[in-house]
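Heads up, the thing below is written out as structure tokens.
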Amino acid sequence: MTSDDKGQVTERGGNGVAGSIEKACRILKAMTDPRNARLTDIATYCGMEKSTAMRVLDALMREEMVVRDPLSKRYTFGPEIARIGSYGQERFDWRLAGRASMVRLAGEFEDTVILSVLSGVETVCVDVQMGSYPIQANYQQLGSRRTLGVGSGGIALLAAMSDAEREAALSQIPPRLAGFPRISAELLSERIDAARRDGHAMLIDVVVDRIGGTAVAVKDRDGRPVAALSIVALSERVTGREKQLATALKREAAIIGANLADVGHGQR
């Protein structure tokens, strides 16, 4: 176990077993994004040493939760994940709650609309609606995960959290940002402050060159941020229409938040 891994276990008050379980969960979540299929990609996304990620993956393979192709050396979910997943259930039907709003936004602005759900210190893309503009910013897909702060949606969620929640999230984010050298603690702080001031988040030319996004948080009936609604496009299409985008996103995020109570399945 590396010193970084030890620090994470100690910080969260877990023993060795709890720390291993946490790492396994992080790896399984990372693998829902097909871009995280090789050891290096999985380890980088999770903020782990490759040796640590390999040990956890070996354990998951023994339990048939992960399989590895001997030729491509790519990891994919094993049969046990499908069996477990058949009993799983989302708290909300996100597509039912958000699809009409996303269609309206894509029709109004002609760019890509993304609905992402908060999951720990990540967002998970649960729906994408493409616009009609010839050049679409389509770098996310259903199931893809992003560490909070990597994209305007994550910034919007961080800004909408309580101070304690935001501080706890930010303490876990840095090891996961190795693949995004433009994202620093200073940038995150500046973008979060701006989002809290303006009521919407913007991130331009940081994650992908010439691509920007603006986003707002979707809140549940208790006012807690549970998802982010974003529009991503060529940078000039975002900066040139910031006020219009923000106004429309706030309108539709409020509608989605109101819909959650109506379409929620509840928990078993």
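Every chain in the structure tokens has a letter given in the order shown (A, B, ...), and although residue numbers restart at 1 in each chain, ligands are simply numbered from 1 in the order shown.
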Using only C-alpha atoms, which protein or nucleic acid residues come within 8 Å of Val56 in chain A? Drop anything in the same chain fewer than 5 positions from it, and give the result as JSON, numbers by chain. {"A": [20, 23, 24]}
Counting only C-alpha atoms, figure out which residue out of A:Gly78, A:Gly223, A:Gly212, A:Gly240 gets nearest to Gly153 in chain A. A:Gly212
Name the closest residue to Glu63 in chain A among the candidates A:Glu80, A:Pro225, A:Ala159, A:Ala100; distances are taken between atoms, counting only C-alpha atoms. A:Glu80
Please identify which residues in range 18-250 of chain A DSSP calls alpha helix (DSSP H) from the backbone, and express them as a short mmCIF file (atom, residue, chain, number, x, y, z; two decimals) with N, CA, C and O atoms, in the first residue's frame.
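And here's out.cif as it stands now:
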```
data_model
loop_
_atom_site.label_atom_id
_atom_site.label_comp_id
_atom_site.auth_asym_id
_atom_site.auth_seq_id
_atom_site.Cartn_x
_atom_site.Cartn_y
_atom_site.Cartn_z
N ALA A 18 -11.89 -1.94 5.05
CA ALA A 18 -12.78 -0.89 4.55
C ALA A 18 -12.12 -0.13 3.42
O ALA A 18 -12.77 0.23 2.43
N GLY A 19 -10.81 0.13 3.55
CA GLY A 19 -10.11 0.84 2.50
C GLY A 19 -10.08 0.05 1.20
O GLY A 19 -10.24 0.61 0.11
N SER A 20 -9.90 -1.27 1.30
CA SER A 20 -9.89 -2.11 0.10
C SER A 20 -11.25 -2.13 -0.57
O SER A 20 -11.36 -2.11 -1.79
N ILE A 21 -12.30 -2.19 0.25
CA ILE A 21 -13.66 -2.19 -0.31
C ILE A 21 -13.92 -0.88 -1.03
O ILE A 21 -14.50 -0.85 -2.13
N GLU A 22 -13.47 0.22 -0.43
CA GLU A 22 -13.65 1.53 -1.07
C GLU A 22 -12.94 1.58 -2.41
O GLU A 22 -13.49 2.08 -3.39
N LYS A 23 -11.73 1.07 -2.47
CA LYS A 23 -10.98 1.08 -3.73
C LYS A 23 -11.68 0.23 -4.78
O LYS A 23 -11.73 0.60 -5.96
N ALA A 24 -12.21 -0.92 -4.36
CA ALA A 24 -12.92 -1.77 -5.30
C ALA A 24 -14.15 -1.06 -5.87
O ALA A 24 -14.43 -1.13 -7.07
N CYS A 25 -14.87 -0.37 -5.00
CA CYS A 25 -16.05 0.37 -5.46
C CYS A 25 -15.65 1.47 -6.43
O CYS A 25 -16.33 1.69 -7.45
N ARG A 26 -14.56 2.18 -6.14
CA ARG A 26 -14.12 3.25 -7.03
C ARG A 26 -13.75 2.70 -8.40
O ARG A 26 -14.06 3.30 -9.44
N ILE A 27 -13.08 1.55 -8.43
CA ILE A 27 -12.69 0.96 -9.70
C ILE A 27 -13.91 0.52 -10.50
O ILE A 27 -14.01 0.75 -11.71
N LEU A 28 -14.87 -0.11 -9.84
CA LEU A 28 -16.08 -0.56 -10.55
C LEU A 28 -16.84 0.64 -11.11
O LEU A 28 -17.35 0.58 -12.24
N LYS A 29 -16.92 1.71 -10.34
CA LYS A 29 -17.58 2.91 -10.84
C LYS A 29 -16.83 3.48 -12.05
O LYS A 29 -17.44 3.90 -13.04
N ALA A 30 -15.51 3.51 -11.97
CA ALA A 30 -14.71 4.05 -13.08
C ALA A 30 -14.95 3.26 -14.35
O ALA A 30 -14.97 3.81 -15.46
N LEU A 39 -5.45 -0.76 -17.45
CA LEU A 39 -4.96 -0.57 -16.10
C LEU A 39 -4.53 0.88 -15.85
O LEU A 39 -4.90 1.48 -14.83
N THR A 40 -3.78 1.44 -16.78
CA THR A 40 -3.29 2.81 -16.59
C THR A 40 -4.44 3.80 -16.48
O THR A 40 -4.44 4.68 -15.62
N ASP A 41 -5.44 3.65 -17.35
CA ASP A 41 -6.58 4.57 -17.34
C ASP A 41 -7.39 4.43 -16.05
O ASP A 41 -7.83 5.43 -15.47
N ILE A 42 -7.60 3.21 -15.60
CA ILE A 42 -8.36 2.97 -14.38
C ILE A 42 -7.62 3.57 -13.18
O ILE A 42 -8.22 4.26 -12.34
N ALA A 43 -6.33 3.30 -13.09
CA ALA A 43 -5.55 3.81 -11.96
C ALA A 43 -5.52 5.33 -11.96
O ALA A 43 -5.67 5.97 -10.90
N THR A 44 -5.33 5.93 -13.12
CA THR A 44 -5.27 7.39 -13.20
C THR A 44 -6.60 8.01 -12.79
O THR A 44 -6.64 8.96 -12.00
N TYR A 45 -7.69 7.46 -13.30
CA TYR A 45 -9.00 8.02 -12.97
C TYR A 45 -9.27 7.93 -11.47
O TYR A 45 -9.82 8.86 -10.87
N CYS A 46 -8.91 6.81 -10.87
CA CYS A 46 -9.19 6.59 -9.45
C CYS A 46 -8.17 7.24 -8.53
O CYS A 46 -8.35 7.24 -7.31
N LYS A 50 -0.63 2.19 -9.93
CA LYS A 50 -0.99 1.07 -10.79
C LYS A 50 -0.93 -0.25 -10.05
O LYS A 50 -1.78 -1.13 -10.26
N SER A 51 0.04 -0.40 -9.17
CA SER A 51 0.17 -1.65 -8.42
C SER A 51 -1.04 -1.87 -7.52
O SER A 51 -1.52 -3.00 -7.37
N THR A 52 -1.54 -0.80 -6.93
CA THR A 52 -2.72 -0.91 -6.07
C THR A 52 -3.94 -1.28 -6.90
O THR A 52 -4.71 -2.18 -6.54
N ALA A 53 -4.13 -0.59 -8.02
CA ALA A 53 -5.27 -0.88 -8.89
C ALA A 53 -5.21 -2.32 -9.40
O ALA A 53 -6.24 -3.01 -9.46
N MET A 54 -4.02 -2.81 -9.71
CA MET A 54 -3.89 -4.18 -10.21
C MET A 54 -4.27 -5.19 -9.15
O MET A 54 -4.96 -6.19 -9.44
N ARG A 55 -3.86 -4.97 -7.90
CA ARG A 55 -4.23 -5.89 -6.82
C ARG A 55 -5.75 -5.95 -6.64
O ARG A 55 -6.32 -7.03 -6.46
N VAL A 56 -6.39 -4.79 -6.69
CA VAL A 56 -7.85 -4.76 -6.53
C VAL A 56 -8.52 -5.44 -7.72
O VAL A 56 -9.47 -6.21 -7.55
N LEU A 57 -8.05 -5.16 -8.92
CA LEU A 57 -8.62 -5.79 -10.11
C LEU A 57 -8.45 -7.31 -10.07
O LEU A 57 -9.36 -8.05 -10.47
N ASP A 58 -7.32 -7.78 -9.59
CA ASP A 58 -7.10 -9.22 -9.47
C ASP A 58 -8.13 -9.84 -8.53
O ASP A 58 -8.67 -10.93 -8.81
N ALA A 59 -8.42 -9.16 -7.42
CA ALA A 59 -9.42 -9.66 -6.48
C ALA A 59 -10.81 -9.67 -7.12
O ALA A 59 -11.59 -10.61 -6.95
N LEU A 60 -11.12 -8.62 -7.88
CA LEU A 60 -12.42 -8.55 -8.54
C LEU A 60 -12.55 -9.63 -9.61
O LEU A 60 -13.65 -10.17 -9.83
N MET A 61 -11.46 -9.96 -10.27
CA MET A 61 -11.51 -11.03 -11.27
C MET A 61 -11.76 -12.37 -10.61
O MET A 61 -12.49 -13.22 -11.15
N ARG A 62 -11.16 -12.60 -9.45
CA ARG A 62 -11.40 -13.86 -8.74
C ARG A 62 -12.87 -14.03 -8.38
O ARG A 62 -13.38 -15.15 -8.31
N PRO A 79 -19.60 -11.49 -15.27
CA PRO A 79 -20.99 -11.94 -15.15
C PRO A 79 -21.64 -11.61 -13.81
O PRO A 79 -22.86 -11.40 -13.74
N GLU A 80 -20.85 -11.56 -12.74
CA GLU A 80 -21.46 -11.27 -11.44
C GLU A 80 -22.03 -9.86 -11.37
O GLU A 80 -23.01 -9.61 -10.67
N ILE A 81 -21.42 -8.93 -12.09
CA ILE A 81 -21.94 -7.56 -12.09
C ILE A 81 -23.33 -7.53 -12.73
O ILE A 81 -24.24 -6.85 -12.24
N ALA A 82 -23.52 -8.28 -13.81
CA ALA A 82 -24.83 -8.33 -14.45
C ALA A 82 -25.87 -8.95 -13.51
O ALA A 82 -27.01 -8.49 -13.44
N ARG A 83 -25.47 -9.96 -12.77
CA ARG A 83 -26.41 -10.61 -11.85
C ARG A 83 -26.80 -9.67 -10.72
O ARG A 83 -27.96 -9.58 -10.34
N ILE A 84 -25.82 -8.96 -10.19
CA ILE A 84 -26.10 -8.00 -9.13
C ILE A 84 -26.95 -6.85 -9.67
O ILE A 84 -27.91 -6.40 -9.04
N GLY A 85 -26.60 -6.37 -10.86
CA GLY A 85 -27.30 -5.23 -11.44
C GLY A 85 -28.77 -5.51 -11.71
O GLY A 85 -29.59 -4.58 -11.71
N TRP A 94 -34.52 9.25 -14.24
CA TRP A 94 -33.94 10.53 -14.64
C TRP A 94 -34.35 10.93 -16.04
O TRP A 94 -34.56 12.11 -16.32
N ARG A 95 -34.46 9.97 -16.94
CA ARG A 95 -34.85 10.32 -18.31
C ARG A 95 -36.28 10.83 -18.36
O ARG A 95 -36.57 11.79 -19.09
N LEU A 96 -37.15 10.21 -17.61
CA LEU A 96 -38.52 10.68 -17.58
C LEU A 96 -38.60 12.09 -16.97
O LEU A 96 -39.34 12.94 -17.44
N ALA A 97 -37.79 12.32 -15.94
CA ALA A 97 -37.81 13.63 -15.28
C ALA A 97 -37.21 14.72 -16.15
O ALA A 97 -37.65 15.87 -16.10
N GLY A 98 -36.21 14.39 -16.95
CA GLY A 98 -35.46 15.44 -17.63
C GLY A 98 -35.54 15.51 -19.13
O GLY A 98 -35.14 16.52 -19.73
N ARG A 99 -36.06 14.48 -19.79
CA ARG A 99 -35.98 14.45 -21.24
C ARG A 99 -36.68 15.63 -21.91
O ARG A 99 -36.15 16.23 -22.85
N ALA A 100 -37.88 15.99 -21.46
CA ALA A 100 -38.60 17.10 -22.11
C ALA A 100 -37.80 18.39 -22.01
O ALA A 100 -37.70 19.16 -22.97
N SER A 101 -37.21 18.64 -20.85
CA SER A 101 -36.40 19.83 -20.66
C SER A 101 -35.18 19.81 -21.58
O SER A 101 -34.82 20.84 -22.18
N MET A 102 -34.56 18.66 -21.72
CA MET A 102 -33.37 18.56 -22.56
C MET A 102 -33.71 18.76 -24.03
O MET A 102 -32.95 19.40 -24.76
N VAL A 103 -34.85 18.23 -24.46
CA VAL A 103 -35.28 18.43 -25.84
C VAL A 103 -35.54 19.91 -26.10
O VAL A 103 -35.16 20.46 -27.15
N ARG A 104 -36.18 20.58 -25.15
CA ARG A 104 -36.44 22.02 -25.32
C ARG A 104 -35.13 22.80 -25.43
O ARG A 104 -34.98 23.69 -26.29
N LEU A 105 -34.17 22.49 -24.56
CA LEU A 105 -32.89 23.22 -24.58
C LEU A 105 -32.12 22.95 -25.87
O LEU A 105 -31.55 23.88 -26.46
N ALA A 106 -32.07 21.71 -26.30
CA ALA A 106 -31.35 21.38 -27.54
C ALA A 106 -32.02 22.05 -28.74
O ALA A 106 -31.34 22.50 -29.67
N GLY A 107 -33.34 22.13 -28.72
CA GLY A 107 -34.04 22.80 -29.81
C GLY A 107 -33.83 24.30 -29.80
O GLY A 107 -33.70 24.93 -30.86
N GLU A 108 -33.77 24.88 -28.62
CA GLU A 108 -33.62 26.33 -28.50
C GLU A 108 -32.22 26.80 -28.85
O GLU A 108 -32.04 27.83 -29.51
N PHE A 109 -31.20 26.03 -28.42
CA PHE A 109 -29.80 26.50 -28.58
C PHE A 109 -29.00 25.68 -29.57
O PHE A 109 -27.88 26.05 -29.92
N SER A 152 -18.36 21.83 -16.38
CA SER A 152 -19.19 22.84 -15.75
C SER A 152 -20.23 22.23 -14.81
O SER A 152 -20.60 22.83 -13.79
N GLY A 153 -20.71 21.02 -15.12
CA GLY A 153 -21.69 20.38 -14.26
C GLY A 153 -21.14 20.11 -12.86
O GLY A 153 -21.82 20.34 -11.87
N GLY A 154 -19.91 19.63 -12.80
CA GLY A 154 -19.29 19.38 -11.51
C GLY A 154 -19.05 20.65 -10.72
O GLY A 154 -19.20 20.68 -9.49
N ILE A 155 -18.70 21.72 -11.42
CA ILE A 155 -18.51 23.01 -10.76
C ILE A 155 -19.84 23.49 -10.18
O ILE A 155 -19.90 23.97 -9.03
N ALA A 156 -20.92 23.35 -10.94
CA ALA A 156 -22.23 23.78 -10.47
C ALA A 156 -22.65 23.02 -9.22
O ALA A 156 -23.20 23.60 -8.27
N LEU A 157 -22.37 21.73 -9.18
CA LEU A 157 -22.72 20.93 -8.01
C LEU A 157 -21.89 21.31 -6.80
O LEU A 157 -22.40 21.42 -5.68
N LEU A 158 -20.60 21.50 -6.99
CA LEU A 158 -19.75 21.92 -5.87
C LEU A 158 -20.22 23.26 -5.31
O LEU A 158 -20.26 23.46 -4.09
N ALA A 159 -20.61 24.17 -6.19
CA ALA A 159 -21.06 25.49 -5.75
C ALA A 159 -22.36 25.40 -4.97
O ALA A 159 -22.61 26.22 -4.07
N ALA A 160 -23.20 24.41 -5.29
CA ALA A 160 -24.51 24.29 -4.65
C ALA A 160 -24.47 23.53 -3.33
O ALA A 160 -25.46 23.51 -2.60
N ASP A 163 -21.04 24.26 2.78
CA ASP A 163 -19.60 24.46 2.95
C ASP A 163 -18.92 23.17 3.39
O ASP A 163 -17.83 22.83 2.88
N ALA A 164 -19.53 22.43 4.30
CA ALA A 164 -18.92 21.20 4.82
C ALA A 164 -18.85 20.13 3.74
O ALA A 164 -17.83 19.44 3.59
N GLU A 165 -19.92 19.99 2.97
CA GLU A 165 -19.93 19.00 1.89
C GLU A 165 -18.90 19.34 0.83
O GLU A 165 -18.18 18.46 0.33
N ARG A 166 -18.81 20.61 0.48
CA ARG A 166 -17.86 21.03 -0.55
C ARG A 166 -16.43 20.81 -0.07
O ARG A 166 -15.58 20.31 -0.84
N GLU A 167 -16.14 21.14 1.16
CA GLU A 167 -14.78 20.95 1.69
C GLU A 167 -14.41 19.47 1.68
O GLU A 167 -13.28 19.11 1.31
N ALA A 168 -15.35 18.61 2.07
CA ALA A 168 -15.07 17.17 2.08
C ALA A 168 -14.83 16.66 0.66
O ALA A 168 -13.93 15.84 0.43
N ALA A 169 -15.62 17.12 -0.30
CA ALA A 169 -15.45 16.69 -1.69
C ALA A 169 -14.12 17.16 -2.25
O ALA A 169 -13.39 16.38 -2.88
N LEU A 170 -13.79 18.41 -2.02
CA LEU A 170 -12.55 18.97 -2.56
C LEU A 170 -11.32 18.28 -1.99
O LEU A 170 -10.28 18.23 -2.65
N SER A 171 -11.41 17.75 -0.79
CA SER A 171 -10.26 17.06 -0.19
C SER A 171 -9.96 15.75 -0.89
O SER A 171 -8.84 15.23 -0.82
N GLN A 172 -10.95 15.19 -1.60
CA GLN A 172 -10.77 13.90 -2.27
C GLN A 172 -10.48 14.02 -3.76
O GLN A 172 -10.12 13.03 -4.40
N ALA A 185 -6.22 23.73 -7.96
CA ALA A 185 -7.02 24.12 -6.81
C ALA A 185 -7.46 25.58 -6.94
O ALA A 185 -8.59 25.93 -6.58
N GLU A 186 -6.58 26.41 -7.47
CA GLU A 186 -6.90 27.83 -7.63
C GLU A 186 -8.01 28.01 -8.65
O GLU A 186 -8.93 28.82 -8.45
N LEU A 187 -7.95 27.27 -9.76
CA LEU A 187 -9.00 27.37 -10.78
C LEU A 187 -10.34 26.91 -10.22
O LEU A 187 -11.37 27.57 -10.43
N LEU A 188 -10.33 25.79 -9.51
CA LEU A 188 -11.57 25.29 -8.93
C LEU A 188 -12.18 26.32 -7.98
O LEU A 188 -13.38 26.59 -8.03
N SER A 189 -11.35 26.89 -7.13
CA SER A 189 -11.84 27.88 -6.16
C SER A 189 -12.44 29.08 -6.88
O SER A 189 -13.54 29.56 -6.51
N GLU A 190 -11.76 29.56 -7.92
CA GLU A 190 -12.25 30.72 -8.65
C GLU A 190 -13.56 30.43 -9.37
O GLU A 190 -14.50 31.23 -9.35
N ARG A 191 -13.66 29.24 -10.00
CA ARG A 191 -14.87 28.88 -10.74
C ARG A 191 -16.05 28.62 -9.79
O ARG A 191 -17.20 28.93 -10.11
N ILE A 192 -15.77 28.03 -8.65
CA ILE A 192 -16.83 27.78 -7.66
C ILE A 192 -17.35 29.10 -7.11
O ILE A 192 -18.57 29.30 -6.98
N ASP A 193 -16.45 30.00 -6.78
CA ASP A 193 -16.87 31.31 -6.27
C ASP A 193 -17.74 32.04 -7.31
O ASP A 193 -18.75 32.66 -6.96
N ALA A 194 -17.33 31.97 -8.57
CA ALA A 194 -18.10 32.63 -9.63
C ALA A 194 -19.48 32.00 -9.77
O ALA A 194 -20.48 32.69 -9.97
N ALA A 195 -19.55 30.66 -9.66
CA ALA A 195 -20.83 29.98 -9.78
C ALA A 195 -21.75 30.32 -8.62
O ALA A 195 -22.97 30.49 -8.81
N ARG A 196 -21.20 30.45 -7.45
CA ARG A 196 -22.03 30.82 -6.29
C ARG A 196 -22.55 32.26 -6.44
O ARG A 196 -23.67 32.56 -6.05
N ARG A 197 -21.74 33.09 -7.03
CA ARG A 197 -22.14 34.49 -7.24
C ARG A 197 -23.19 34.61 -8.34
O ARG A 197 -24.19 35.32 -8.19
N ASP A 198 -22.98 33.88 -9.44
CA ASP A 198 -23.82 34.06 -10.63
C ASP A 198 -25.02 33.11 -10.68
O ASP A 198 -25.95 33.35 -11.45
N SER A 235 -16.56 26.98 -27.66
CA SER A 235 -16.39 27.99 -26.60
C SER A 235 -17.08 29.30 -26.92
O SER A 235 -17.74 29.91 -26.06
N GLU A 236 -16.97 29.76 -28.17
CA GLU A 236 -17.56 31.05 -28.51
C GLU A 236 -19.09 31.01 -28.47
O GLU A 236 -19.74 32.02 -28.24
N ARG A 237 -19.66 29.80 -28.65
CA ARG A 237 -21.11 29.69 -28.58
C ARG A 237 -21.61 29.70 -27.13
O ARG A 237 -22.78 29.98 -26.88
N VAL A 238 -20.72 29.40 -26.21
CA VAL A 238 -21.06 29.47 -24.79
C VAL A 238 -20.87 30.89 -24.26
O VAL A 238 -21.78 31.49 -23.69
N THR A 239 -19.69 31.45 -24.48
CA THR A 239 -19.41 32.79 -23.94
C THR A 239 -20.28 33.86 -24.58
O THR A 239 -20.65 34.84 -23.93
N GLU A 242 -23.97 33.55 -22.79
CA GLU A 242 -23.94 33.11 -21.39
C GLU A 242 -25.25 33.40 -20.66
O GLU A 242 -25.81 32.52 -20.00
N LYS A 243 -25.76 34.63 -20.76
CA LYS A 243 -26.97 34.98 -20.02
C LYS A 243 -28.18 34.19 -20.49
O LYS A 243 -28.98 33.71 -19.68
N GLN A 244 -28.32 34.04 -21.81
CA GLN A 244 -29.45 33.29 -22.34
C GLN A 244 -29.39 31.82 -21.92
O GLN A 244 -30.41 31.22 -21.54
N LEU A 245 -28.20 31.23 -22.01
CA LEU A 245 -28.03 29.83 -21.61
C LEU A 245 -28.35 29.65 -20.13
O LEU A 245 -29.06 28.71 -19.75
N ALA A 246 -27.81 30.54 -19.31
CA ALA A 246 -28.02 30.43 -17.86
C ALA A 246 -29.49 30.55 -17.50
O ALA A 246 -30.01 29.78 -16.68
N THR A 247 -30.17 31.49 -18.11
CA THR A 247 -31.60 31.69 -17.81
C THR A 247 -32.41 30.45 -18.18
O THR A 247 -33.26 29.98 -17.40
N ALA A 248 -32.13 29.90 -19.36
CA ALA A 248 -32.87 28.71 -19.81
C ALA A 248 -32.54 27.49 -18.95
O ALA A 248 -33.42 26.68 -18.62
N LEU A 249 -31.28 27.32 -18.60
CA LEU A 249 -30.89 26.19 -17.77
C LEU A 249 -31.55 26.25 -16.39
O LEU A 249 -32.02 25.23 -15.87
N LYS A 250 -31.59 27.43 -15.79
CA LYS A 250 -32.24 27.57 -14.49
C LYS A 250 -33.72 27.24 -14.58
O LYS A 250 -34.28 26.57 -13.70
#
```
Can you list, as JSON, numbers by chain, every protein, DNA or RNA residue that comes within 10 Å of Gln136 in chain A when you count only C-alpha atoms, leaving out same-chain residues fewer than 6 positions away? {"A": [110, 111, 112, 130, 211, 232, 233, 234]}
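Pairwise distance (CA of Asp127 in chain A, CA of Gly143 in chain A) equals 8.5 Å.
Distance annotation: of A:Val206, A:Gly199, A:Arg221, A:Met161, the residue with the minimal separation from Arg182 in chain A is A:Val206; atom set is only C-alpha atoms.
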